[in-house]
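Asks: Below is the file final-v7.pdb, with PDB, C-alpha atoms.
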ATOM      1  CA  MET A 799      -0.763  15.818  -3.551
ATOM      2  CA  GLU A 800      -0.591  19.430  -2.344
ATOM      3  CA  LEU A 801      -1.433  20.670  -5.837
ATOM      4  CA  LEU A 802      -4.434  18.334  -6.013
ATOM      5  CA  LEU A 803      -5.650  19.568  -2.638
ATOM      6  CA  PHE A 804      -5.206  23.196  -3.708
ATOM      7  CA  ILE A 805      -7.265  22.583  -6.865
ATOM      8  CA  LEU A 806      -9.956  20.853  -4.800
ATOM      9  CA  VAL A 807     -10.014  23.787  -2.365
ATOM     10  CA  ILE A 808     -10.485  26.358  -5.149
ATOM     11  CA  SER A 809     -13.211  24.222  -6.750
ATOM     12  CA  ALA A 810     -15.002  23.761  -3.420
ATOM     13  CA  ALA A 811     -14.717  27.494  -2.663
ATOM     14  CA  ILE A 812     -16.347  28.426  -5.959
ATOM     15  CA  LEU A 813     -19.081  25.817  -5.392
ATOM     16  CA  PHE A 814     -19.662  27.208  -1.889
ATOM     17  CA  GLU A 815     -19.912  30.759  -3.274
ATOM     18  CA  TYR A 816     -22.496  29.633  -5.836
ATOM     19  CA  ILE A 817     -24.552  27.796  -3.195
ATOM     20  CA  ASN A 818     -24.172  30.794  -0.871
ATOM     21  CA  GLY A 819     -25.636  32.932  -3.653
ATOM     22  CA  PHE A 820     -28.814  30.885  -4.132
ATOM     23  CA  HIS A 821     -29.123  30.020  -0.414
ATOM     24  CA  ASP A 822     -29.058  33.734   0.476
ATOM     25  CA  THR A 823     -31.094  35.035  -2.466
ATOM     26  CA  ALA A 824     -33.934  35.557   0.005
ATOM     27  CA  ASN A 825     -31.831  38.082   1.938
ATOM     28  CA  SER A 826     -31.887  40.399  -1.058
ATOM     29  CA  ILE A 827     -35.239  39.810  -2.736
ATOM     30  CA  ALA A 828     -37.694  37.969  -0.442
ATOM     31  CA  THR A 829     -39.489  41.134   0.613
ATOM     32  CA  VAL A 830     -39.654  42.685  -2.854
ATOM     33  CA  VAL A 831     -41.099  39.438  -4.292
ATOM     34  CA  SER A 832     -43.629  38.894  -1.488
ATOM     35  CA  THR A 833     -44.952  42.466  -1.808
ATOM     36  CA  ARG A 834     -45.148  41.981  -5.606
ATOM     37  CA  VAL A 835     -43.071  45.040  -6.326
ATOM     38  CA  LEU A 836     -41.067  42.920  -8.773
ATOM     39  CA  SER A 837     -41.758  39.598 -10.436
ATOM     40  CA  PRO A 838     -39.515  36.741  -9.238
ATOM     41  CA  LYS A 839     -37.566  36.735 -12.524
ATOM     42  CA  LYS A 840     -36.908  40.484 -12.474
ATOM     43  CA  ALA A 841     -36.118  40.367  -8.757
ATOM     44  CA  VAL A 842     -33.365  37.743  -9.072
ATOM     45  CA  ILE A 843     -31.762  39.612 -11.991
ATOM     46  CA  TYR A 844     -31.897  42.864 -10.026
ATOM     47  CA  GLY A 845     -30.561  41.201  -6.882
ATOM     48  CA  ALA A 846     -27.767  39.381  -8.747
ATOM     49  CA  THR A 847     -26.589  42.600 -10.393
ATOM     50  CA  LEU A 848     -26.426  44.525  -7.111
ATOM     51  CA  ASN A 849     -24.826  41.534  -5.348
ATOM     52  CA  PHE A 850     -22.070  41.558  -7.970
ATOM     53  CA  ILE A 851     -21.440  45.294  -7.605
ATOM     54  CA  GLY A 852     -21.466  45.038  -3.805
ATOM     55  CA  ALA A 853     -18.904  42.238  -3.889
ATOM     56  CA  LEU A 854     -16.456  44.556  -5.643
ATOM     57  CA  SER A 855     -16.699  47.212  -2.928
ATOM     58  CA  GLY A 856     -13.917  46.093  -0.564
ATOM     59  CA  THR A 857     -11.948  43.320   1.126
ATOM     60  CA  HIS A 858     -12.125  44.146   4.851
ATOM     61  CA  VAL A 859     -14.323  41.138   5.636
ATOM     62  CA  ALA A 860     -12.111  38.859   3.518
ATOM     63  CA  ALA A 861      -9.128  39.837   5.675
ATOM     64  CA  THR A 862     -11.054  38.986   8.851
ATOM     65  CA  ILE A 863     -11.968  35.514   7.556
ATOM     66  CA  GLY A 864      -8.462  34.854   6.212
ATOM     67  CA  LYS A 865      -6.331  35.993   9.127
ATOM     68  CA  GLY A 866      -8.502  37.265  11.976
ATOM     69  CA  ILE A 867     -10.051  34.064  13.362
ATOM     70  CA  VAL A 868      -7.376  31.351  13.218
ATOM     71  CA  ASP A 869      -3.606  31.431  12.811
ATOM     72  CA  ALA A 870      -3.058  31.455   9.040
ATOM     73  CA  GLY A 871       0.314  29.753   9.435
ATOM     74  CA  SER A 872      -1.328  26.675  10.977
ATOM     75  CA  VAL A 873      -3.972  26.278   8.258
ATOM     76  CA  SER A 874      -3.420  23.545   5.676
ATOM     77  CA  GLN A 875      -5.252  22.833   2.413
ATOM     78  CA  CYS A 876      -7.006  19.918   4.120
ATOM     79  CA  VAL A 877      -8.292  22.257   6.844
ATOM     80  CA  ILE A 878      -9.733  24.691   4.308
ATOM     81  CA  LEU A 879     -11.267  21.930   2.189
ATOM     82  CA  SER A 880     -12.909  20.407   5.274
ATOM     83  CA  ALA A 881     -14.369  23.800   6.254
ATOM     84  CA  LEU A 882     -15.786  24.339   2.762
ATOM     85  CA  ILE A 883     -17.316  20.853   2.473
ATOM     86  CA  CYS A 884     -18.920  21.308   5.892
ATOM     87  CA  ALA A 885     -20.374  24.722   4.960
ATOM     88  CA  ILE A 886     -21.730  23.364   1.668
ATOM     89  CA  VAL A 887     -23.435  20.448   3.450
ATOM     90  CA  TRP A 888     -24.990  22.770   6.061
ATOM     91  CA  ASN A 889     -26.256  25.192   3.406
ATOM     92  CA  LEU A 890     -27.882  22.381   1.441
ATOM     93  CA  ILE A 891     -29.540  20.934   4.571
ATOM     94  CA  THR A 892     -30.984  24.287   5.672
ATOM     95  CA  TRP A 893     -32.032  25.158   2.109
ATOM     96  CA  TYR A 894     -33.895  21.841   1.848
ATOM     97  CA  TRP A 895     -35.822  22.668   5.029
ATOM     98  CA  GLY A 896     -36.367  26.286   3.960
ATOM     99  CA  LEU A 897     -34.484  27.686   6.962
ATOM    100  CA  PRO A 898     -32.666  31.042   6.561
ATOM    101  CA  SER A 899     -29.471  30.034   8.375
ATOM    102  CA  SER A 900     -26.095  31.751   8.128
ATOM    103  CA  SER A 901     -23.682  30.699   5.377
ATOM    104  CA  SER A 902     -21.082  32.891   7.083
ATOM    105  CA  HIS A 903     -21.320  31.098  10.409
ATOM    106  CA  ALA A 904     -21.294  27.716   8.650
ATOM    107  CA  LEU A 905     -17.987  28.653   7.026
ATOM    108  CA  ILE A 906     -16.543  30.112  10.240
ATOM    109  CA  GLY A 907     -17.645  27.079  12.267
ATOM    110  CA  GLY A 908     -16.114  24.788   9.662
ATOM    111  CA  LEU A 909     -12.833  26.699   9.714
ATOM    112  CA  LEU A 910     -12.701  26.609  13.514
ATOM    113  CA  GLY A 911     -13.504  22.895  13.789
ATOM    114  CA  ALA A 912     -10.999  21.746  11.171
ATOM    115  CA  SER A 913      -8.271  24.090  12.481
ATOM    116  CA  ILE A 914      -8.699  22.823  16.049
ATOM    117  CA  ALA A 915      -8.658  19.202  14.832
ATOM    118  CA  ASN A 916      -5.415  19.970  12.990
ATOM    119  CA  ALA A 917      -3.453  22.047  15.518
ATOM    120  CA  GLY A 918      -5.400  22.282  18.777
ATOM    121  CA  LEU A 919      -7.174  25.156  20.512
ATOM    122  CA  SER A 920      -4.065  27.374  20.454
ATOM    123  CA  VAL A 921      -4.645  28.011  16.725
ATOM    124  CA  VAL A 922      -7.777  30.072  17.496
ATOM    125  CA  ASN A 923      -7.425  33.859  17.690
ATOM    126  CA  LEU A 924      -9.735  34.251  20.683
ATOM    127  CA  LYS A 925      -9.750  38.063  20.584
ATOM    128  CA  GLY A 926     -10.583  38.118  16.881
ATOM    129  CA  LEU A 927     -13.208  35.389  17.319
ATOM    130  CA  LEU A 928     -14.958  37.261  20.114
ATOM    131  CA  GLU A 929     -14.779  40.724  18.539
ATOM    132  CA  LYS A 930     -15.472  39.759  14.926
ATOM    133  CA  VAL A 931     -17.758  36.728  15.255
ATOM    134  CA  ILE A 932     -19.302  35.965  18.667
ATOM    135  CA  PHE A 933     -20.264  39.502  19.742
ATOM    136  CA  PRO A 934     -21.624  40.457  16.279
ATOM    137  CA  MET A 935     -23.462  37.106  16.106
ATOM    138  CA  ILE A 936     -25.306  37.999  19.307
ATOM    139  CA  LEU A 937     -25.684  41.728  18.743
ATOM    140  CA  SER A 938     -26.490  42.023  15.021
ATOM    141  CA  PRO A 939     -29.899  40.267  15.177
ATOM    142  CA  VAL A 940     -30.815  42.317  18.257
ATOM    143  CA  ILE A 941     -29.745  45.532  16.533
ATOM    144  CA  GLY A 942     -31.592  44.512  13.354
ATOM    145  CA  LEU A 943     -34.776  43.826  15.334
ATOM    146  CA  ILE A 944     -34.595  47.087  17.281
ATOM    147  CA  ILE A 945     -33.778  49.270  14.265
ATOM    148  CA  GLY A 946     -36.464  47.538  12.174
ATOM    149  CA  PHE A 947     -39.021  48.111  14.945
ATOM    150  CA  LEU A 948     -38.093  51.767  15.534
ATOM    151  CA  PHE A 949     -37.822  52.609  11.837
ATOM    152  CA  MET A 950     -41.225  51.058  11.172
ATOM    153  CA  LEU A 951     -42.727  53.004  14.085
ATOM    154  CA  ALA A 952     -41.286  56.226  12.663
ATOM    155  CA  LEU A 953     -42.796  55.490   9.245
ATOM    156  CA  LEU A 954     -46.191  54.711  10.778
ATOM    157  CA  TRP A 955     -46.083  57.985  12.701
ATOM    158  CA  LEU A 956     -45.048  60.002   9.624
ATOM    159  CA  PHE A 957     -47.681  58.485   7.346
ATOM    160  CA  HIS A 958     -50.547  57.801   9.775
ATOM    161  CA  ARG A 959     -52.758  60.393   8.078
ATOM    162  CA  SER A 960     -51.903  59.323   4.534
ATOM    163  CA  ASN A 961     -54.182  57.392   2.248
ATOM    164  CA  ILE A 962     -53.140  53.740   2.543
ATOM    165  CA  CYS A 963     -53.360  52.998  -1.187
ATOM    166  CA  LYS A 964     -51.343  56.080  -2.149
ATOM    167  CA  ALA A 965     -48.750  55.365   0.545
ATOM    168  CA  ASN A 966     -48.311  51.818  -0.723
ATOM    169  CA  LEU A 967     -47.752  53.101  -4.260
ATOM    170  CA  TRP A 968     -44.958  55.342  -2.952
ATOM    171  CA  PHE A 969     -43.407  52.570  -0.927
ATOM    172  CA  LYS A 970     -43.455  50.231  -3.908
ATOM    173  CA  LYS A 971     -41.173  52.707  -5.658
ATOM    174  CA  LEU A 972     -39.037  53.221  -2.553
ATOM    175  CA  GLN A 973     -38.738  49.464  -2.079
ATOM    176  CA  LEU A 974     -36.955  49.184  -5.407
ATOM    177  CA  ILE A 975     -34.228  51.369  -3.910
ATOM    178  CA  SER A 976     -34.149  49.649  -0.505
ATOM    179  CA  SER A 977     -34.018  46.130  -1.990
ATOM    180  CA  GLY A 978     -31.191  47.238  -4.285
ATOM    181  CA  VAL A 979     -29.215  48.630  -1.334
ATOM    182  CA  MET A 980     -29.907  45.407   0.580
ATOM    183  CA  ALA A 981     -28.577  43.302  -2.315
ATOM    184  CA  PHE A 982     -25.505  45.558  -2.551
ATOM    185  CA  SER A 983     -24.857  45.217   1.186
ATOM    186  CA  HIS A 984     -25.223  41.424   0.981
ATOM    187  CA  GLY A 985     -22.597  41.264  -1.756
ATOM    188  CA  SER A 986     -20.304  43.595   0.193
ATOM    189  CA  ASN A 987     -20.258  41.217   3.172
ATOM    190  CA  ASP A 988     -20.993  37.656   2.063
ATOM    191  CA  ALA A 989     -18.989  37.413  -1.156
ATOM    192  CA  GLN A 990     -15.868  38.518   0.681
ATOM    193  CA  LYS A 991     -15.894  35.454   2.927
ATOM    194  CA  THR A 992     -15.028  33.152   0.049
ATOM    195  CA  MET A 993     -12.427  35.662  -1.152
ATOM    196  CA  GLY A 994     -10.808  35.333   2.257
ATOM    197  CA  ILE A 995     -10.863  31.518   2.112
ATOM    198  CA  ILE A 996      -9.348  31.369  -1.387
ATOM    199  CA  THR A 997      -6.645  33.864  -0.415
ATOM    200  CA  LEU A 998      -5.933  31.870   2.740
ATOM    201  CA  ALA A 999      -5.520  28.751   0.590
ATOM    202  CA  ALA A1000      -3.137  30.632  -1.730
ATOM    203  CA  VAL A1001      -1.090  31.914   1.223
ATOM    204  CA  SER A1002      -0.801  28.349   2.533
ATOM    205  CA  PHE A1003       0.036  26.770  -0.853
ATOM    206  CA  TYR A1004       2.519  29.378  -2.110
ATOM    207  CA  LYS A1005       3.964  30.126   1.364
ATOM    208  CA  LEU A1006       3.164  33.825   0.969
ATOM    209  CA  LYS A1007       4.102  36.325   3.673
ATOM    210  CA  ASP A1008       1.376  38.882   2.956
ATOM    211  CA  PHE A1009      -2.383  38.340   2.929
ATOM    212  CA  GLU A1010      -3.651  40.264  -0.098
ATOM    213  CA  VAL A1011      -6.815  39.503  -2.066
ATOM    214  CA  ASN A1012      -6.089  39.329  -5.799
ATOM    215  CA  ILE A1013      -8.398  41.219  -8.181
ATOM    216  CA  ILE A1014      -9.076  37.984 -10.105
ATOM    217  CA  VAL A1015     -10.298  36.335  -6.892
ATOM    218  CA  ILE A1016     -12.564  39.322  -6.216
ATOM    219  CA  VAL A1017     -14.152  39.243  -9.681
ATOM    220  CA  VAL A1018     -14.554  35.443  -9.761
ATOM    221  CA  CYS A1019     -16.234  35.393  -6.328
ATOM    222  CA  ALA A1020     -18.488  38.333  -7.236
ATOM    223  CA  ALA A1021     -19.572  36.703 -10.506
ATOM    224  CA  THR A1022     -20.105  33.284  -8.895
ATOM    225  CA  MET A1023     -22.315  34.728  -6.155
ATOM    226  CA  ALA A1024     -24.306  36.651  -8.775
ATOM    227  CA  PHE A1025     -24.929  33.468 -10.797
ATOM    228  CA  GLY A1026     -25.968  31.685  -7.598
ATOM    229  CA  THR A1027     -28.430  34.479  -6.857
ATOM    230  CA  LEU A1028     -29.925  34.041 -10.321
ATOM    231  CA  ALA A1029     -30.707  30.420  -9.417
ATOM    232  CA  GLY A1030     -32.917  31.630  -6.547
ATOM    233  CA  GLY A1031     -33.379  29.729  -3.280
ATOM    234  CA  TRP A1032     -37.170  29.768  -3.474
ATOM    235  CA  LYS A1033     -37.836  27.680  -0.347
ATOM    236  CA  ILE A1034     -36.083  30.238   1.850
ATOM    237  CA  ILE A1035     -37.618  33.145  -0.066
ATOM    238  CA  LYS A1036     -41.060  31.727   0.780
ATOM    239  CA  THR A1037     -40.138  31.427   4.472
ATOM    240  CA  MET A1038     -38.798  34.963   4.806
ATOM    241  CA  GLY A1039     -41.261  36.630   2.457
ATOM    242  CA  SER A1040     -44.557  35.251   3.710
ATOM    243  CA  LYS A1041     -44.234  32.796   6.593
ATOM    244  CA  VAL A1042     -42.729  35.152   9.208
ATOM    245  CA  ILE A1043     -45.232  37.989   8.661
ATOM    246  CA  LYS A1044     -47.463  39.121   5.811
ATOM    247  CA  LEU A1045     -45.500  41.949   4.220
ATOM    248  CA  LYS A1046     -46.754  45.121   2.533
ATOM    249  CA  PRO A1047     -44.453  47.514   0.643
ATOM    250  CA  ILE A1048     -43.975  49.770   3.682
ATOM    251  CA  HIS A1049     -42.858  46.759   5.759
ATOM    252  CA  GLY A1050     -40.473  45.575   3.065
ATOM    253  CA  PHE A1051     -38.963  49.042   2.747
ATOM    254  CA  ALA A1052     -38.476  49.347   6.505
ATOM    255  CA  ALA A1053     -36.899  45.889   6.907
ATOM    256  CA  GLU A1054     -34.559  46.272   3.929
ATOM    257  CA  THR A1055     -33.424  49.776   4.872
ATOM    258  CA  ALA A1056     -32.749  48.807   8.499
ATOM    259  CA  SER A1057     -30.868  45.652   7.468
ATOM    260  CA  ALA A1058     -28.770  47.342   4.804
ATOM    261  CA  GLY A1059     -27.660  49.998   7.281
ATOM    262  CA  VAL A1060     -26.470  47.374   9.782
ATOM    263  CA  ILE A1061     -24.723  45.227   7.154
ATOM    264  CA  LEU A1062     -22.943  48.079   5.375
ATOM    265  CA  THR A1063     -21.650  49.361   8.715
ATOM    266  CA  ALA A1064     -20.354  45.866   9.548
ATOM    267  CA  SER A1065     -18.685  45.531   6.120
ATOM    268  CA  HIS A1066     -16.930  48.871   6.607
ATOM    269  CA  PHE A1067     -15.378  47.626   9.849
ATOM    270  CA  GLY A1068     -14.514  44.180   8.450
ATOM    271  CA  ILE A1069     -17.084  42.339  10.584
ATOM    272  CA  PRO A1070     -18.474  39.174   8.909
ATOM    273  CA  VAL A1071     -22.042  39.428  10.188
ATOM    274  CA  SER A1072     -24.768  37.085   9.077
ATOM    275  CA  THR A1073     -26.872  38.950   6.534
ATOM    276  CA  THR A1074     -29.503  36.255   7.079
ATOM    277  CA  HIS A1075     -29.719  36.990  10.807
ATOM    278  CA  VAL A1076     -29.959  40.740  10.229
ATOM    279  CA  ILE A1077     -32.694  40.735   7.570
ATOM    280  CA  SER A1078     -34.693  38.044   9.400
ATOM    281  CA  SER A1079     -34.596  39.935  12.704
ATOM    282  CA  SER A1080     -35.444  43.210  10.946
ATOM    283  CA  ILE A1081     -38.530  41.549   9.461
ATOM    284  CA  MET A1082     -39.450  40.371  12.975
ATOM    285  CA  GLY A1083     -38.999  43.901  14.335
ATOM    286  CA  VAL A1084     -41.154  45.369  11.592
ATOM    287  CA  GLY A1085     -43.817  42.709  12.179
ATOM    288  CA  THR A1086     -44.097  43.362  15.913
ATOM    289  CA  THR A1087     -45.206  46.955  15.254
ATOM    290  CA  GLN A1088     -48.511  45.515  14.004
ATOM    291  CA  ARG A1089     -49.053  43.169  16.974
ATOM    292  CA  LEU A1090     -47.138  40.278  18.486
ATOM    293  CA  SER A1091     -49.559  37.760  16.995
ATOM    294  CA  ALA A1092     -48.742  39.053  13.501
ATOM    295  CA  VAL A1093     -45.411  37.226  13.739
ATOM    296  CA  ASN A1094     -45.344  33.458  13.202
ATOM    297  CA  TRP A1095     -43.387  32.559  16.339
ATOM    298  CA  LYS A1096     -43.259  28.856  15.489
ATOM    299  CA  ILE A1097     -41.289  29.664  12.331
ATOM    300  CA  ILE A1098     -39.143  32.096  14.333
ATOM    301  CA  GLY A1099     -38.381  29.311  16.828
ATOM    302  CA  ASN A1100     -37.176  27.013  14.020
ATOM    303  CA  ILE A1101     -35.028  29.803  12.586
ATOM    304  CA  VAL A1102     -33.428  30.587  15.961
ATOM    305  CA  ILE A1103     -32.619  26.896  16.510
ATOM    306  CA  ALA A1104     -30.864  26.862  13.125
ATOM    307  CA  TRP A1105     -28.970  30.061  14.048
ATOM    308  CA  THR A1106     -27.712  28.821  17.405
ATOM    309  CA  SER A1107     -26.740  25.362  16.173
ATOM    310  CA  THR A1108     -24.844  26.439  13.032
ATOM    311  CA  ILE A1109     -21.367  27.087  14.483
ATOM    312  CA  PRO A1110     -21.300  24.144  16.971
ATOM    313  CA  PHE A1111     -22.662  21.685  14.383
ATOM    314  CA  CYS A1112     -20.230  22.852  11.711
ATOM    315  CA  MET A1113     -17.282  22.721  14.098
ATOM    316  CA  ILE A1114     -18.025  19.083  14.885
ATOM    317  CA  LEU A1115     -18.772  18.135  11.273
ATOM    318  CA  SER A1116     -15.654  19.801   9.864
ATOM    319  CA  GLY A1117     -13.512  18.165  12.553
ATOM    320  CA  ILE A1118     -14.838  14.759  11.451
ATOM    321  CA  ILE A1119     -14.334  15.591   7.765
ATOM    322  CA  PHE A1120     -10.768  16.755   8.474
ATOM    323  CA  SER A1121      -9.951  13.508  10.338
ATOM    324  CA  LEU A1122     -11.279  11.472   7.400
ATOM    325  CA  GLY A1123      -9.367  13.680   4.958
ATOM    326  CA  LYS A1124      -6.085  13.062   6.752
ATOM    327  CA  ILE A1125      -6.601   9.327   6.346
ATOM    328  CA  ILE A1126      -7.402   9.684   2.625
ATOM    329  CA  PHE A1127      -4.662  12.163   1.663
ATOM    330  CA  ASN A1128      -1.846  10.884   3.885
TER
END
Please lay out the structure from this file as structure tokens.
Replies:
Amino acid sequence: MELLLFILVISAAILFEYINGFHDTANSIATVVSTRVLSPKKAVIYGATLNFIGALSGTHVAATIGKGIVDAGSVSQCVILSALICAIVWNLITWYWGLPSSSSHALIGGLLGASIANAGLSVVNLKGLLEKVIFPMILSPVIGLIIGFLFMLALLWLFHRSNICKANLWFKKLQLISSGVMAFSHGSNDAQKTMGIITLAAVSFYKLKDFEVNIIVIVVCAATMAFGTLAGGWKIIKTMGSKVIKLKPIHGFAAETASAGVILTASHFGIPVSTTHVISSSIMGVGTTQRLSAVNWKIIGNIVIAWTSTIPFCMILSGIIFSLGKIIFN
């Protein structure tokens, strides 16, 4: 039975990584598609390639997911499977409604809920949860908004005397670079979360003492996310690329550059931030430099509701799934 559960966990983890890829495609390419710098087909290929390379860049975030939030010794295969099923369900719901929610927080919420249902509140690493999840969850969108706003202001000041058409031609070229860095940063943070889950499952199944991400796990997760990106989550791309604000190349460049800086910094320190939250808030920050009415606040309200409800909803859902799983597999 343990072997069957382990196989199911690995299968669910790979499925989650694929869905994460197409759910979060918008994070990497929404702006470059909406500004027509690249065609949708070229954009997803470009984004998938940089996502893959970014996913190979480190394992700091994987370690946080695998051993920094809950006690690894108290995590069973059923707990991990419940967390993955919950995160998959949440991603599909938010994709259907075109809401750019956080795959990372869905997975973390699922892991917390199932772990608590299995072993109680004592299993939670409160210090790690606060430092690596709760504080970044609150701060990263704020930082993304502020940096996006300030960076856009700086660009407007630098190029206020430039010919608009010529400036846009330059920023179309620059946006190719910024969208590539954004895709790289997304891979460097998001792909690692599934690496951490798979490694956690292996530690539990093989009773390993050390938490170390295998190179095969790294490559498989990187490739799976890249293939998911190729599928393209077009509903969310439409929301982020045109429904929040109407983007021009200079706006896309500013939002992508600001977001990539925040995400790469978080990846370096092993902080599993929501790339969705960061790029969305950066777009908001960029949009407010035009005027407050330039931002579609109704859409923003729906997005914020999805953000704030992700972890609580997934904790409850994964707890229910875990309880049902115990009945089925016991």
Asks: Of the residues A:Ile1014, A:Val842, A:Leu909, A:Leu1122, which is the one nearest to Ser826 (chain A), using all atoms listed in the file?
Replies: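 Closest candidate: A:Val842.
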Asks: Name the closest residue to Gly1050 (chain A) among the candidates A:Ala952, A:Val807, A:Val835, A:Ile867; distances are taken between atoms, counting only C-alpha atoms.
Replies: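 Smallest distance to Gly1050 (chain A) is found for A:Val835.
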Asks: Set the distance at 9 Å and use only C-alpha atoms: which residues neighbour Val931 (chain A) once local chain neighbours fewer than 5 positions away are removed? I'd like the list as a PyMOL selection string.
Replies: chain A and resi 867+903+906+926+936+1069-1071
Asks: May I have the selected residues written with C-alpha atoms, as a PDB file, keeping the file's coordinate frame?
Replies:
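Result file follows (selection.pdb):
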ATOM      1  CA  ILE A 867     -10.051  34.064  13.362  1.00  0.00           C
ATOM      2  CA  HIS A 903     -21.320  31.098  10.409  1.00  0.00           C
ATOM      3  CA  ILE A 906     -16.543  30.112  10.240  1.00  0.00           C
ATOM      4  CA  GLY A 926     -10.583  38.118  16.881  1.00  0.00           C
ATOM      5  CA  ILE A 936     -25.306  37.999  19.307  1.00  0.00           C
ATOM      6  CA  ILE A1069     -17.084  42.339  10.584  1.00  0.00           C
ATOM      7  CA  PRO A1070     -18.474  39.174   8.909  1.00  0.00           C
ATOM      8  CA  VAL A1071     -22.042  39.428  10.188  1.00  0.00           C
TER       9      VAL A1071
END
Asks: Would you mind telling me which residue in A:Ile975, A:Leu801, A:Ile1119, A:Cys876 lies nearest to Tyr1004 (chain A) when using only C-alpha atoms?
Replies: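 Using only C-alpha atoms, Tyr1004 (chain A) sits closest to A:Leu801.
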Asks: Go ahead and find all residues with at least one atom no further than 12 Å from (-10.1, 40.8, 7.3) in the file's coordinates, using all atoms listed in the file; report them as a ChimeraX atom specification.
Replies: /A:856-868,870,926-927,930-931,987,990-995,997-998,1009-1011,1064-1070
Asks: May I have the protein, DNA and RNA residues with any atom at most 10 Å from the point (-26.9, 45.5, -2.4), counting only C-alpha atoms, written as an MDAnalysis selection string?
Replies: chainID A and resid 825:826 844:853 975:987 1054 1058 1061:1062
Asks: Could you save the residues just selected, with C-alpha atoms, as a short mmCIF file (atom, residue, chain, number, x, y, z; two decimals), in the coordinates of the input?
Replies:
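Dumped everything to again_7.cif:
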data_model
loop_
_atom_site.label_atom_id
_atom_site.label_comp_id
_atom_site.auth_asym_id
_atom_site.auth_seq_id
_atom_site.Cartn_x
_atom_site.Cartn_y
_atom_site.Cartn_z
CA ASN A 825 -31.83 38.08 1.94
CA SER A 826 -31.89 40.40 -1.06
CA TYR A 844 -31.90 42.86 -10.03
CA GLY A 845 -30.56 41.20 -6.88
CA ALA A 846 -27.77 39.38 -8.75
CA THR A 847 -26.59 42.60 -10.39
CA LEU A 848 -26.43 44.52 -7.11
CA ASN A 849 -24.83 41.53 -5.35
CA PHE A 850 -22.07 41.56 -7.97
CA ILE A 851 -21.44 45.29 -7.60
CA GLY A 852 -21.47 45.04 -3.80
CA ALA A 853 -18.90 42.24 -3.89
CA ILE A 975 -34.23 51.37 -3.91
CA SER A 976 -34.15 49.65 -0.50
CA SER A 977 -34.02 46.13 -1.99
CA GLY A 978 -31.19 47.24 -4.28
CA VAL A 979 -29.22 48.63 -1.33
CA MET A 980 -29.91 45.41 0.58
CA ALA A 981 -28.58 43.30 -2.32
CA PHE A 982 -25.50 45.56 -2.55
CA SER A 983 -24.86 45.22 1.19
CA HIS A 984 -25.22 41.42 0.98
CA GLY A 985 -22.60 41.26 -1.76
CA SER A 986 -20.30 43.60 0.19
CA ASN A 987 -20.26 41.22 3.17
CA GLU A 1054 -34.56 46.27 3.93
CA ALA A 1058 -28.77 47.34 4.80
CA ILE A 1061 -24.72 45.23 7.15
CA LEU A 1062 -22.94 48.08 5.38
#
Asks: Which residues, written as JSON, numbers by chain, have at least one atom at most 12 Å from Trp968 (chain A), with all atoms listed in the file counted and residues fewer than 5 positions away on the same chain left out?
Replies: {"A": [835, 957, 960, 961, 962, 963, 973, 974, 975, 1046, 1047, 1048, 1051]}
Asks: When distances are computed from only C-alpha atoms, which of A:Gly942, A:Gly1099, A:Gly1059, A:Gly1026 shows the smallest separation from Ser1080 (chain A)?
Replies: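 Of the candidates, the smallest distance to Ser1080 (chain A) is held by A:Gly942.
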Asks: What is the CA of Ala811 (chain A)-CA of Leu910 (chain A) distance in Å, reported with one decimal?
Replies: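 Distance between the two atoms: 16.3 Å.
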Asks: May I ask you to restore N, CA and C atoms in region 1117-1125 of chain A and write the result as a PDB file, in the coordinates of the input?
Replies:
ATOM      1  N   GLY A1117     -14.541  18.928  11.865  1.00  0.00           N
ATOM      2  CA  GLY A1117     -13.512  18.165  12.553  1.00  0.00           C
ATOM      3  C   GLY A1117     -13.511  16.710  12.103  1.00  0.00           C
ATOM      4  N   ILE A1118     -14.712  16.144  11.934  1.00  0.00           N
ATOM      5  CA  ILE A1118     -14.838  14.759  11.451  1.00  0.00           C
ATOM      6  C   ILE A1118     -14.346  14.643  10.011  1.00  0.00           C
ATOM      7  N   ILE A1119     -14.753  15.604   9.172  1.00  0.00           N
ATOM      8  CA  ILE A1119     -14.334  15.591   7.765  1.00  0.00           C
ATOM      9  C   ILE A1119     -12.818  15.707   7.661  1.00  0.00           C
ATOM     10  N   PHE A1120     -12.221  16.589   8.492  1.00  0.00           N
ATOM     11  CA  PHE A1120     -10.768  16.755   8.474  1.00  0.00           C
ATOM     12  C   PHE A1120     -10.062  15.451   8.858  1.00  0.00           C
ATOM     13  N   SER A1121     -10.562  14.770   9.891  1.00  0.00           N
ATOM     14  CA  SER A1121      -9.951  13.508  10.338  1.00  0.00           C
ATOM     15  C   SER A1121     -10.023  12.451   9.237  1.00  0.00           C
ATOM     16  N   LEU A1122     -11.152  12.410   8.528  1.00  0.00           N
ATOM     17  CA  LEU A1122     -11.279  11.472   7.400  1.00  0.00           C
ATOM     18  C   LEU A1122     -10.353  11.875   6.259  1.00  0.00           C
ATOM     19  N   GLY A1123     -10.236  13.182   6.024  1.00  0.00           N
ATOM     20  CA  GLY A1123      -9.367  13.680   4.958  1.00  0.00           C
ATOM     21  C   GLY A1123      -7.909  13.339   5.182  1.00  0.00           C
ATOM     22  N   LYS A1124      -7.471  13.398   6.435  1.00  0.00           N
ATOM     23  CA  LYS A1124      -6.085  13.062   6.752  1.00  0.00           C
ATOM     24  C   LYS A1124      -5.780  11.614   6.434  1.00  0.00           C
ATOM     25  N   ILE A1125      -6.773  10.750   6.665  1.00  0.00           N
ATOM     26  CA  ILE A1125      -6.601   9.327   6.346  1.00  0.00           C
ATOM     27  C   ILE A1125      -6.507   9.117   4.837  1.00  0.00           C
TER      28      ILE A1125
END
